[in-house]
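A quick write-up on the structure given underneath.
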Amino acid sequence: MKRPLAFILLASSIFALSYSSSSKKVKSVSFEEVPLPKTDEELKSVRVSPKLVVEYQDGSVKEFSLSYKVVLRSGEERGSVFGGFHDYLGNPIEVFGKRYSVMIDGTSLLKGKYVITHFEDTPGLMYITELDKNGNPINTRSIDFSKVGGTIVNCASSKTPWGTHLGAEEDYMLNSRYADKSSPYYVDCDANPKHGFCKYVEGMRLYLRDNSIDKNNGYNGEKFTPYNYGYLVEVAVNKDGSARVAKHYITGKYSPEMGVFMPDRKTLYITDDGNAKGLYKLVLDKPLKGFSKSWSGTLYMAKLTQVSDKNGGEFKVEWVKLGRASDGQVKELIERKLQLSDIFYIRDPKNCPSDYRLIYEDGAPLCLKLRTGKNRSPKFKNDEEVKIAAAFLETRKYGAYLGATSELVKAEGITYDPDRKVLYIAITEIAKSMADGKGDIRLPENKCGGIYELKLDSKYNAYYMRGILVGRPLRPGELYSEEYYCDPNSIANPDNIAYIGRDILLIGEDTILHLVNMVWAYNLRTGKLTRIAYVPIGAEVTGVFARGELQNGEYVLFMNVQHPYREKDIPINAEGKKVKEELFRLATEEDKRAILGFIKGIPAGLFGY
């Protein structure tokens, strides 16, 4: 049959981009390094590695040209406004003077043409963008979370083994200690509306249109309760492009950055962002075959025993069992509009009685005692319900109460390496509760942060954790110290990470300790660290988990630009002084739009994951 010319050209282009067009075996893959920005124009740009170099076993070498493609900018209209705020009915709303969000974050490419994109804001937002065969946007629309009460601060994400999107509600400030009048940290939002907790409550009030929220009753309302947020959410895309959503309450409530499933389809690891936080493992009752609105399983929190303080430290890892439940059981408890004092007795941490436990979590001490027995809250039928509420609604507190470690600082990206059968975790900074000389973790301070490896046994149980790469703070007077706090030839505040195969771990930054946030390719076999991209000043790199083939067979690697020129992210140098402030003052509203985009030109089939 005679083929049309367009078909022949398309097939030829795919063939040219595929490393497997040759029977030769690949020996190594490397990116050409991106030089440090030297001019203001470069500091305002998105730059990616110009080429990818593939070396074959026979000694031959092939180069592939790379480039960055902008798919959409926040506030841009493609059927609807990308990143636009809306209420639970789908009506556009304005939140704190903003019509759309610039906080683009976790991203997944599903079925080669649907992109799920987070916005790390309040109320939370997820958009689904349909792409044509070449990666151009056809339309974008908001995903409806009204059936689960909305979502909040949607941070990083991963793609499940069965092809759905798994995102996290990083609800930093919806800690129950701010909502309960029995707590020493209670916040009156009428008197202090700018408090982070109050902004979260107000954002969700606008989304839910719930004017019944009662500050004297745990900030519960007819529709709103703080306990409904802080979990992992799953999105499946149907054949017609419509979406199904689920909120998985058994993942526990804290400040989840992201979760990643193991190949057994039942073991899930979840990181917890912020100061004095934990690390979690969920083991489902049975492996999942596909999208399910209801999970059941057992939740654990890590107990770390330090072995070494060198190179970021080494630790034995054990797991403290918190409890077993189903999503439905936890959801039913949430609907009772609980407060912290329904689950725990609370006392002054400065004078904690001997029969209470003094814990430290989320940057503050709490004096608690589980409220079971004859004085149990009337909102519970029995003590078992109290324990389920503690495990899944007060996960970090209960874990610390039982002896787990709540001292990790900004545990962010997490990724699985099938080649070595290990996990990698990004710790943004080794400081605060990791470097205060107290508790389970006692490390030298390193504000530049590090990457850790977790060794797994045959059942995907993590049993050992060690630092494999740490950043290097500069001293005043050293090369680069006038503009950088951390050495720009190494990492600073790692955040998003992804193992893509061929020994390459991608590392994205969220830092003010470099002039710009960078993306690195770290070769786990050779130890070589290569800068492969950077984004405009004041912007965070996000979305580097999303990768795969478009409908035309082209492999793409997503790299988003979050909040460029955000004034709270003015970089500092080794002396702690702000640098390049004038670029922030001169930035326009157009400059400040977030970007959804990807790196193109990577050969199809080259990377395995």
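The chains in the structure tokens are called A, B, ... from first to last as shown; in each chain the residues are counted from 1, and the ligands are counted from 1 in the order shown.
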
Residues of range 206-290 of chain A in strand (DSSP E or B), written as an MDAnalysis selection string: chainID A and resid 214 220 232:237 243:248 256:261 267:272 277 279:284

Residue subset to file, keeping N, CA and C atoms, as a CSV table (one decimal), in the first residue's frame:
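Writing done, so here's again-v2.csv:
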```csv
chain,number,residue,atom,x,y,z
A,214,ASP,N,-17.0,27.8,62.6
A,214,ASP,CA,-17.1,28.3,64.0
A,214,ASP,C,-15.7,28.2,64.7
A,220,ASN,N,-14.8,24.1,62.7
A,220,ASN,CA,-15.7,23.2,61.9
A,220,ASN,C,-16.9,24.0,61.4
A,232,LEU,N,-3.3,12.0,50.5
A,232,LEU,CA,-3.0,11.8,49.1
A,232,LEU,C,-4.3,11.7,48.3
A,233,VAL,N,-4.3,12.2,47.1
A,233,VAL,CA,-5.5,12.2,46.3
A,233,VAL,C,-5.1,11.5,44.9
A,234,GLU,N,-6.0,10.8,44.4
A,234,GLU,CA,-5.8,10.0,43.1
A,234,GLU,C,-6.7,10.5,42.1
A,235,VAL,N,-6.2,10.6,40.8
A,235,VAL,CA,-7.0,11.0,39.7
A,235,VAL,C,-6.8,10.0,38.6
A,236,ALA,N,-7.9,9.5,38.0
A,236,ALA,CA,-7.9,8.6,36.9
A,236,ALA,C,-8.5,9.3,35.7
A,237,VAL,N,-8.0,9.1,34.5
A,237,VAL,CA,-8.6,9.8,33.3
A,237,VAL,C,-9.3,8.7,32.5
A,243,ALA,N,-12.5,12.9,34.3
A,243,ALA,CA,-11.6,12.5,35.4
A,243,ALA,C,-12.5,11.9,36.5
A,244,ARG,N,-11.9,10.9,37.2
A,244,ARG,CA,-12.4,10.4,38.5
A,244,ARG,C,-11.4,10.7,39.6
A,245,VAL,N,-11.9,11.0,40.8
A,245,VAL,CA,-11.0,11.4,41.8
A,245,VAL,C,-11.4,10.6,43.1
A,246,ALA,N,-10.3,10.4,43.9
A,246,ALA,CA,-10.5,9.8,45.2
A,246,ALA,C,-9.5,10.5,46.2
A,247,LYS,N,-10.0,10.6,47.5
A,247,LYS,CA,-9.1,11.1,48.5
A,247,LYS,C,-8.8,9.9,49.4
A,248,HIS,N,-7.6,9.5,49.6
A,248,HIS,CA,-7.2,8.3,50.4
A,248,HIS,C,-6.8,8.7,51.8
A,256,PRO,N,1.9,16.0,53.6
A,256,PRO,CA,2.5,15.1,52.6
A,256,PRO,C,3.1,15.9,51.4
A,257,GLU,N,4.3,15.6,51.1
A,257,GLU,CA,4.9,16.2,49.9
A,257,GLU,C,4.6,15.3,48.7
A,258,MET,N,4.8,14.0,48.8
A,258,MET,CA,4.3,13.1,47.7
A,258,MET,C,4.5,11.6,48.2
A,259,GLY,N,3.8,10.7,47.5
A,259,GLY,CA,3.9,9.3,47.8
A,259,GLY,C,4.3,8.6,46.5
A,260,VAL,N,5.0,7.5,46.7
A,260,VAL,CA,5.4,6.6,45.6
A,260,VAL,C,5.2,5.2,45.9
A,261,PHE,N,4.5,4.5,44.9
A,261,PHE,CA,4.2,3.1,45.1
A,261,PHE,C,5.4,2.2,44.7
A,267,THR,N,2.8,-1.4,48.6
A,267,THR,CA,3.6,-0.7,49.6
A,267,THR,C,3.8,0.7,49.0
A,268,LEU,N,3.5,1.7,49.9
A,268,LEU,CA,3.5,3.1,49.5
A,268,LEU,C,4.4,3.9,50.5
A,269,TYR,N,5.4,4.7,50.0
A,269,TYR,CA,6.2,5.5,50.9
A,269,TYR,C,5.8,7.0,50.7
A,270,ILE,N,5.7,7.7,51.8
A,270,ILE,CA,5.2,9.1,51.8
A,270,ILE,C,6.1,10.0,52.6
A,271,THR,N,6.5,11.1,52.0
A,271,THR,CA,7.3,12.1,52.7
A,271,THR,C,6.5,13.2,53.3
A,272,ASP,N,7.0,14.0,54.2
A,272,ASP,CA,6.3,14.9,55.1
A,272,ASP,C,7.1,16.2,55.1
A,277,LYS,N,9.3,16.7,61.1
A,277,LYS,CA,8.3,15.9,60.4
A,277,LYS,C,8.7,14.5,60.4
A,279,LEU,N,8.4,10.3,58.3
A,279,LEU,CA,8.4,9.5,57.1
A,279,LEU,C,7.5,8.3,57.3
A,280,TYR,N,6.7,8.0,56.3
A,280,TYR,CA,5.6,7.1,56.5
A,280,TYR,C,5.6,6.0,55.4
A,281,LYS,N,5.0,4.8,55.8
A,281,LYS,CA,4.9,3.7,54.9
A,281,LYS,C,3.5,3.2,55.1
A,282,LEU,N,2.8,3.0,54.0
A,282,LEU,CA,1.4,2.4,54.0
A,282,LEU,C,1.5,1.0,53.3
A,283,VAL,N,1.0,0.0,54.0
A,283,VAL,CA,1.0,-1.3,53.3
A,283,VAL,C,-0.5,-1.7,53.2
A,284,LEU,N,-1.0,-1.8,51.9
A,284,LEU,CA,-2.4,-2.1,51.7
A,284,LEU,C,-2.6,-3.5,51.9
```

Residue nearest Ala156 in chain A among A:Gly527, A:Pro444, A:Gly399, A:Gly508 (counting only C-alpha atoms): A:Gly508

Distance query range 43-56 of chain A at most 9 Å, only C-alpha atoms, self and fewer than 4 positions along chain excluded, as JSON, numbers by chain: {"A": [19, 24, 25, 26, 27, 28, 29, 30, 31, 32, 33, 34, 37, 38, 39, 60, 61, 62, 63, 64, 65, 66, 67, 68, 515, 516, 519, 531, 532, 533, 534, 535, 536, 537, 561, 564, 565, 583, 591, 599, 601, 602]}

Output the selection as a short mmCIF file (atom, residue, chain, number, x, y, z; two decimals), in the first residue's frame - N, CA and C atoms for each residue.
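This is the output file result_19.cif:
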```
data_model
loop_
_atom_site.label_atom_id
_atom_site.label_comp_id
_atom_site.auth_asym_id
_atom_site.auth_seq_id
_atom_site.Cartn_x
_atom_site.Cartn_y
_atom_site.Cartn_z
N TYR A 19 16.65 5.72 20.03
CA TYR A 19 17.97 5.12 20.14
C TYR A 19 17.95 3.67 19.71
N LYS A 24 22.75 -1.52 18.34
CA LYS A 24 23.89 -1.32 19.24
C LYS A 24 23.41 -1.10 20.67
N LYS A 25 24.18 -1.62 21.62
CA LYS A 25 23.84 -1.47 23.03
C LYS A 25 24.42 -0.18 23.58
N VAL A 26 23.65 0.47 24.44
CA VAL A 26 24.06 1.73 25.05
C VAL A 26 25.01 1.47 26.21
N LYS A 27 26.10 2.19 26.24
CA LYS A 27 27.06 2.10 27.34
C LYS A 27 26.78 3.16 28.40
N SER A 28 26.54 4.40 27.96
CA SER A 28 26.28 5.50 28.91
C SER A 28 25.49 6.61 28.25
N VAL A 29 24.85 7.39 29.10
CA VAL A 29 24.08 8.56 28.65
C VAL A 29 24.49 9.75 29.50
N SER A 30 24.71 10.89 28.87
CA SER A 30 25.08 12.09 29.63
C SER A 30 24.48 13.32 28.97
N PHE A 31 24.26 14.34 29.79
CA PHE A 31 23.79 15.64 29.30
C PHE A 31 24.97 16.60 29.22
N GLU A 32 24.94 17.47 28.22
CA GLU A 32 25.93 18.55 28.19
C GLU A 32 25.57 19.56 29.27
N GLU A 33 26.56 20.01 30.02
CA GLU A 33 26.27 20.89 31.15
C GLU A 33 25.83 22.28 30.71
N VAL A 34 24.89 22.84 31.45
CA VAL A 34 24.46 24.22 31.26
C VAL A 34 25.36 25.12 32.10
N PRO A 37 24.49 31.09 34.95
CA PRO A 37 24.07 32.37 34.37
C PRO A 37 25.03 33.49 34.74
N LYS A 38 25.37 34.34 33.76
CA LYS A 38 26.33 35.42 33.99
C LYS A 38 25.71 36.80 33.84
N THR A 39 24.62 36.90 33.09
CA THR A 39 23.99 38.20 32.84
C THR A 39 22.58 38.21 33.41
N SER A 60 31.07 4.03 19.53
CA SER A 60 30.47 5.13 18.76
C SER A 60 29.64 6.03 19.66
N VAL A 61 29.44 7.26 19.23
CA VAL A 61 28.74 8.28 20.01
C VAL A 61 27.70 8.97 19.13
N LYS A 62 26.53 9.24 19.69
CA LYS A 62 25.50 9.98 18.97
C LYS A 62 24.97 11.10 19.85
N GLU A 63 24.77 12.27 19.26
CA GLU A 63 24.27 13.43 19.99
C GLU A 63 22.86 13.77 19.55
N PHE A 64 22.03 14.18 20.52
CA PHE A 64 20.65 14.56 20.26
C PHE A 64 20.42 15.97 20.80
N SER A 65 19.92 16.86 19.95
CA SER A 65 19.66 18.25 20.35
C SER A 65 18.43 18.32 21.24
N LEU A 66 18.53 19.10 22.33
CA LEU A 66 17.43 19.28 23.27
C LEU A 66 16.94 20.73 23.26
N SER A 67 15.68 20.92 23.61
CA SER A 67 15.12 22.27 23.73
C SER A 67 13.97 22.25 24.73
N TYR A 68 13.52 23.43 25.12
CA TYR A 68 12.42 23.55 26.09
C TYR A 68 11.20 24.10 25.38
N LEU A 515 21.53 31.50 42.97
CA LEU A 515 20.91 32.63 42.28
C LEU A 515 19.63 32.21 41.56
N VAL A 516 19.68 31.02 40.96
CA VAL A 516 18.50 30.46 40.29
C VAL A 516 18.37 29.01 40.71
N VAL A 519 18.34 22.24 37.82
CA VAL A 519 18.06 20.81 37.72
C VAL A 519 19.38 20.11 37.42
N ARG A 531 24.83 19.96 35.80
CA ARG A 531 23.73 20.93 35.76
C ARG A 531 23.10 20.88 34.37
N ILE A 532 21.81 20.51 34.30
CA ILE A 532 21.18 20.35 32.98
C ILE A 532 20.09 21.38 32.69
N ALA A 533 19.75 22.21 33.68
CA ALA A 533 18.73 23.24 33.43
C ALA A 533 18.71 24.23 34.59
N TYR A 534 18.14 25.40 34.32
CA TYR A 534 17.76 26.32 35.40
C TYR A 534 16.57 27.15 34.94
N VAL A 535 15.88 27.75 35.91
CA VAL A 535 14.68 28.52 35.64
C VAL A 535 14.89 29.96 36.10
N PRO A 536 13.99 30.89 35.74
CA PRO A 536 14.19 32.30 36.08
C PRO A 536 14.35 32.55 37.58
N ILE A 537 15.01 33.61 37.92
CA ILE A 537 15.27 33.98 39.30
C ILE A 537 13.95 34.09 40.07
N VAL A 561 7.87 25.83 35.85
CA VAL A 561 8.43 27.03 36.48
C VAL A 561 7.37 27.60 37.42
N PRO A 564 7.82 32.54 39.34
CA PRO A 564 9.01 33.35 39.03
C PRO A 564 8.92 34.74 39.64
N TYR A 565 10.06 35.25 40.09
CA TYR A 565 10.19 36.60 40.67
C TYR A 565 9.39 36.78 41.96
N LEU A 583 15.96 42.89 39.99
CA LEU A 583 15.24 42.08 39.00
C LEU A 583 13.81 41.80 39.47
N ASP A 591 5.82 38.52 33.43
CA ASP A 591 7.03 37.79 33.85
C ASP A 591 6.73 36.80 34.96
N ILE A 599 11.03 19.35 28.37
CA ILE A 599 12.26 19.23 27.59
C ILE A 599 11.99 18.21 26.49
N GLY A 601 13.33 16.32 22.60
CA GLY A 601 14.50 15.91 21.84
C GLY A 601 15.17 14.66 22.39
N ILE A 602 14.68 14.13 23.51
CA ILE A 602 15.24 12.91 24.10
C ILE A 602 14.76 11.71 23.29
#
```

Spatial neighbours of Val70 in chain A, max dist 12 Å, only C-alpha atoms, sep filter under 3 positions, as a compact mmCIF listing (two decimals) with all heavy atoms, in the first residue's frame:
```txt
# COMPACT_ATOMS: atom_id res chain seq x y z
N VAL A 46 14.70 30.55 30.98
CA VAL A 46 14.70 29.11 31.16
C VAL A 46 15.78 28.55 30.25
O VAL A 46 15.77 28.78 29.05
CB VAL A 46 13.34 28.47 30.79
CG1 VAL A 46 13.41 26.96 30.93
CG2 VAL A 46 12.22 29.03 31.65
N SER A 67 15.68 20.92 23.61
CA SER A 67 15.12 22.27 23.73
C SER A 67 13.97 22.25 24.73
O SER A 67 13.50 21.17 25.13
CB SER A 67 14.64 22.78 22.37
OG SER A 67 13.62 21.93 21.85
N ARG A 73 1.00 28.94 30.12
CA ARG A 73 1.35 29.80 31.25
C ARG A 73 0.11 30.00 32.10
O ARG A 73 -1.03 30.01 31.59
CB ARG A 73 1.86 31.17 30.76
CG ARG A 73 3.18 31.09 30.02
CD ARG A 73 3.60 32.47 29.52
NE ARG A 73 4.86 32.42 28.78
CZ ARG A 73 6.05 32.59 29.32
NH1 ARG A 73 6.15 32.82 30.62
NH2 ARG A 73 7.15 32.52 28.59
N SER A 74 0.29 30.14 33.40
CA SER A 74 -0.85 30.35 34.28
C SER A 74 -1.60 31.61 33.87
O SER A 74 -1.00 32.62 33.47
CB SER A 74 -0.39 30.44 35.73
OG SER A 74 0.52 31.50 35.91
N GLU A 76 -3.46 31.75 31.28
CA GLU A 76 -3.74 31.64 29.85
C GLU A 76 -5.03 30.86 29.65
O GLU A 76 -5.33 29.92 30.38
CB GLU A 76 -2.57 30.93 29.17
CG GLU A 76 -2.62 30.93 27.67
CD GLU A 76 -1.36 30.34 27.05
OE1 GLU A 76 -0.33 30.22 27.75
OE2 GLU A 76 -1.41 29.99 25.85
N GLY A 135 2.26 17.73 21.37
CA GLY A 135 2.43 18.34 22.69
C GLY A 135 1.91 19.75 22.80
O GLY A 135 2.21 20.43 23.79
N ASN A 136 1.11 20.20 21.85
CA ASN A 136 0.49 21.52 21.93
C ASN A 136 -0.85 21.42 22.66
O ASN A 136 -1.57 20.43 22.48
CB ASN A 136 0.27 22.10 20.53
CG ASN A 136 1.56 22.24 19.76
OD1 ASN A 136 2.51 22.85 20.24
ND2 ASN A 136 1.60 21.67 18.57
N PRO A 137 -1.21 22.44 23.45
CA PRO A 137 -2.45 22.34 24.23
C PRO A 137 -3.70 22.51 23.36
O PRO A 137 -3.78 23.45 22.56
CB PRO A 137 -2.32 23.50 25.23
CG PRO A 137 -1.45 24.50 24.55
CD PRO A 137 -0.47 23.70 23.73
N PHE A 558 8.94 16.63 31.62
CA PHE A 558 8.34 17.89 32.07
C PHE A 558 9.21 18.60 33.10
O PHE A 558 9.86 17.97 33.94
CB PHE A 558 6.94 17.65 32.64
CG PHE A 558 5.88 17.61 31.59
CD1 PHE A 558 5.68 16.47 30.83
CD2 PHE A 558 5.11 18.73 31.32
CE1 PHE A 558 4.72 16.43 29.84
CE2 PHE A 558 4.13 18.71 30.33
CZ PHE A 558 3.94 17.54 29.58
N MET A 559 9.23 19.91 33.00
CA MET A 559 9.95 20.77 33.94
C MET A 559 9.18 22.09 34.02
O MET A 559 9.17 22.86 33.07
CB MET A 559 11.39 21.02 33.47
CG MET A 559 12.21 21.85 34.45
SD MET A 559 13.84 22.30 33.79
CE MET A 559 13.40 23.71 32.75
N ASN A 560 8.51 22.32 35.14
CA ASN A 560 7.67 23.49 35.30
C ASN A 560 8.39 24.63 36.02
O ASN A 560 9.36 24.40 36.74
CB ASN A 560 6.40 23.14 36.07
CG ASN A 560 5.60 22.04 35.39
OD1 ASN A 560 5.67 21.88 34.17
ND2 ASN A 560 4.84 21.29 36.17
N VAL A 561 7.87 25.83 35.85
CA VAL A 561 8.43 27.03 36.48
C VAL A 561 7.37 27.60 37.42
O VAL A 561 6.36 28.14 36.97
CB VAL A 561 8.83 28.08 35.42
CG1 VAL A 561 9.40 29.33 36.09
CG2 VAL A 561 9.83 27.50 34.43
N ARG A 593 4.10 34.97 35.56
CA ARG A 593 3.24 33.82 35.30
C ARG A 593 4.04 32.52 35.37
O ARG A 593 5.17 32.45 34.93
CB ARG A 593 2.61 33.93 33.91
CG ARG A 593 1.57 35.05 33.79
CD ARG A 593 1.07 35.13 32.36
NE ARG A 593 0.18 36.25 32.16
CZ ARG A 593 -1.15 36.16 32.08
NH1 ARG A 593 -1.73 34.97 32.19
NH2 ARG A 593 -1.89 37.23 31.89
N ALA A 594 3.42 31.49 35.93
CA ALA A 594 4.05 30.17 35.98
C ALA A 594 4.02 29.52 34.60
O ALA A 594 3.24 29.91 33.73
CB ALA A 594 3.32 29.30 36.99
N ILE A 595 4.87 28.51 34.42
CA ILE A 595 4.98 27.86 33.12
C ILE A 595 4.85 26.35 33.28
O ILE A 595 5.52 25.73 34.11
CB ILE A 595 6.33 28.17 32.44
CG1 ILE A 595 6.49 29.68 32.20
CG2 ILE A 595 6.48 27.41 31.13
CD1 ILE A 595 7.89 30.07 31.72
N LEU A 596 3.99 25.76 32.45
CA LEU A 596 3.94 24.31 32.25
C LEU A 596 4.71 24.04 30.96
O LEU A 596 4.37 24.58 29.90
CB LEU A 596 2.50 23.84 32.11
CG LEU A 596 2.29 22.39 31.66
CD1 LEU A 596 2.74 21.41 32.73
CD2 LEU A 596 0.82 22.14 31.29
N GLY A 597 5.76 23.22 31.04
CA GLY A 597 6.55 22.96 29.85
C GLY A 597 7.36 21.68 29.96
O GLY A 597 7.40 21.05 31.01
N PHE A 598 8.02 21.31 28.86
CA PHE A 598 8.81 20.08 28.88
C PHE A 598 10.06 20.21 28.03
O PHE A 598 10.15 21.04 27.12
CB PHE A 598 7.98 18.87 28.45
CG PHE A 598 7.35 18.96 27.08
CD1 PHE A 598 8.10 18.82 25.92
CD2 PHE A 598 5.97 19.15 26.96
CE1 PHE A 598 7.50 18.86 24.67
CE2 PHE A 598 5.36 19.21 25.71
CZ PHE A 598 6.13 19.07 24.56
N ILE A 599 11.03 19.35 28.37
CA ILE A 599 12.26 19.23 27.59
C ILE A 599 11.99 18.21 26.49
O ILE A 599 11.50 17.11 26.75
CB ILE A 599 13.43 18.77 28.48
CG1 ILE A 599 13.70 19.81 29.57
CG2 ILE A 599 14.69 18.56 27.63
CD1 ILE A 599 14.72 19.36 30.61
N LYS A 600 12.29 18.58 25.25
CA LYS A 600 12.05 17.69 24.11
C LYS A 600 13.36 17.39 23.39
O LYS A 600 14.35 18.09 23.56
CB LYS A 600 11.05 18.32 23.15
CG LYS A 600 11.46 19.67 22.58
CD LYS A 600 10.39 20.27 21.68
CE LYS A 600 10.14 19.39 20.49
NZ LYS A 600 9.19 20.01 19.53
```

Nearby residues (only C-alpha atoms) at most 6 Å from range 496-499 of chain A, same-chain spacing under 6 positions excluded, as a PyMOL selection string: chain A and resi 413+415+417+505-508+545

Save out the residues we just selected, all heavy atoms, as a PDB file, in the first residue's frame.
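The resulting file, again01.pdb, is reproduced below:
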```pdb
ATOM      1  N   GLY A 413      11.015  15.299  47.721  1.00  0.00           N
ATOM      2  CA  GLY A 413      10.862  14.318  46.668  1.00  0.00           C
ATOM      3  C   GLY A 413      11.273  12.921  47.089  1.00  0.00           C
ATOM      4  O   GLY A 413      12.162  12.736  47.919  1.00  0.00           O
ATOM      5  N   THR A 415      11.679   8.848  45.174  1.00  0.00           N
ATOM      6  CA  THR A 415      11.604   8.117  43.916  1.00  0.00           C
ATOM      7  C   THR A 415      12.213   6.733  44.095  1.00  0.00           C
ATOM      8  O   THR A 415      13.115   6.541  44.926  1.00  0.00           O
ATOM      9  CB  THR A 415      12.325   8.897  42.793  1.00  0.00           C
ATOM     10  OG1 THR A 415      12.126   8.268  41.534  1.00  0.00           O
ATOM     11  CG2 THR A 415      13.820   9.011  43.046  1.00  0.00           C
ATOM     12  N   ASP A 417      14.223   3.411  42.530  1.00  0.00           N
ATOM     13  CA  ASP A 417      15.211   3.002  41.537  1.00  0.00           C
ATOM     14  C   ASP A 417      15.079   1.490  41.337  1.00  0.00           C
ATOM     15  O   ASP A 417      15.572   0.707  42.158  1.00  0.00           O
ATOM     16  CB  ASP A 417      16.620   3.368  42.047  1.00  0.00           C
ATOM     17  CG  ASP A 417      17.734   2.903  41.141  1.00  0.00           C
ATOM     18  OD1 ASP A 417      17.471   2.131  40.198  1.00  0.00           O
ATOM     19  OD2 ASP A 417      18.894   3.308  41.378  1.00  0.00           O
ATOM     20  N   LEU A 505      19.779  10.054  38.222  1.00  0.00           N
ATOM     21  CA  LEU A 505      18.810  10.615  39.164  1.00  0.00           C
ATOM     22  C   LEU A 505      18.700  12.106  38.880  1.00  0.00           C
ATOM     23  O   LEU A 505      19.687  12.835  38.943  1.00  0.00           O
ATOM     24  CB  LEU A 505      19.272  10.387  40.605  1.00  0.00           C
ATOM     25  CG  LEU A 505      18.393  10.969  41.712  1.00  0.00           C
ATOM     26  CD1 LEU A 505      17.066  10.229  41.786  1.00  0.00           C
ATOM     27  CD2 LEU A 505      19.106  10.912  43.063  1.00  0.00           C
ATOM     28  N   LEU A 506      17.499  12.566  38.534  1.00  0.00           N
ATOM     29  CA  LEU A 506      17.262  13.994  38.322  1.00  0.00           C
ATOM     30  C   LEU A 506      16.941  14.659  39.653  1.00  0.00           C
ATOM     31  O   LEU A 506      16.173  14.124  40.456  1.00  0.00           O
ATOM     32  CB  LEU A 506      16.112  14.218  37.351  1.00  0.00           C
ATOM     33  CG  LEU A 506      16.301  13.720  35.927  1.00  0.00           C
ATOM     34  CD1 LEU A 506      15.058  14.018  35.099  1.00  0.00           C
ATOM     35  CD2 LEU A 506      17.527  14.352  35.276  1.00  0.00           C
ATOM     36  N   ILE A 507      17.533  15.840  39.880  1.00  0.00           N
ATOM     37  CA  ILE A 507      17.352  16.572  41.129  1.00  0.00           C
ATOM     38  C   ILE A 507      16.967  18.008  40.803  1.00  0.00           C
ATOM     39  O   ILE A 507      17.711  18.729  40.133  1.00  0.00           O
ATOM     40  CB  ILE A 507      18.647  16.572  41.974  1.00  0.00           C
ATOM     41  CG1 ILE A 507      19.118  15.139  42.246  1.00  0.00           C
ATOM     42  CG2 ILE A 507      18.426  17.328  43.283  1.00  0.00           C
ATOM     43  CD1 ILE A 507      20.511  15.059  42.843  1.00  0.00           C
ATOM     44  N   GLY A 508      15.792  18.434  41.257  1.00  0.00           N
ATOM     45  CA  GLY A 508      15.356  19.816  41.099  1.00  0.00           C
ATOM     46  C   GLY A 508      15.443  20.547  42.421  1.00  0.00           C
ATOM     47  O   GLY A 508      15.286  19.944  43.484  1.00  0.00           O
ATOM     48  N   PHE A 545       8.765  14.999  37.634  1.00  0.00           N
ATOM     49  CA  PHE A 545       8.410  13.584  37.673  1.00  0.00           C
ATOM     50  C   PHE A 545       7.727  13.150  36.386  1.00  0.00           C
ATOM     51  O   PHE A 545       7.770  11.980  36.026  1.00  0.00           O
ATOM     52  CB  PHE A 545       7.452  13.318  38.844  1.00  0.00           C
ATOM     53  CG  PHE A 545       7.982  13.760  40.162  1.00  0.00           C
ATOM     54  CD1 PHE A 545       7.522  14.919  40.756  1.00  0.00           C
ATOM     55  CD2 PHE A 545       8.964  13.039  40.804  1.00  0.00           C
ATOM     56  CE1 PHE A 545       8.023  15.339  41.971  1.00  0.00           C
ATOM     57  CE2 PHE A 545       9.473  13.447  42.018  1.00  0.00           C
ATOM     58  CZ  PHE A 545       9.000  14.599  42.608  1.00  0.00           C
TER      59      PHE A 545
END
```
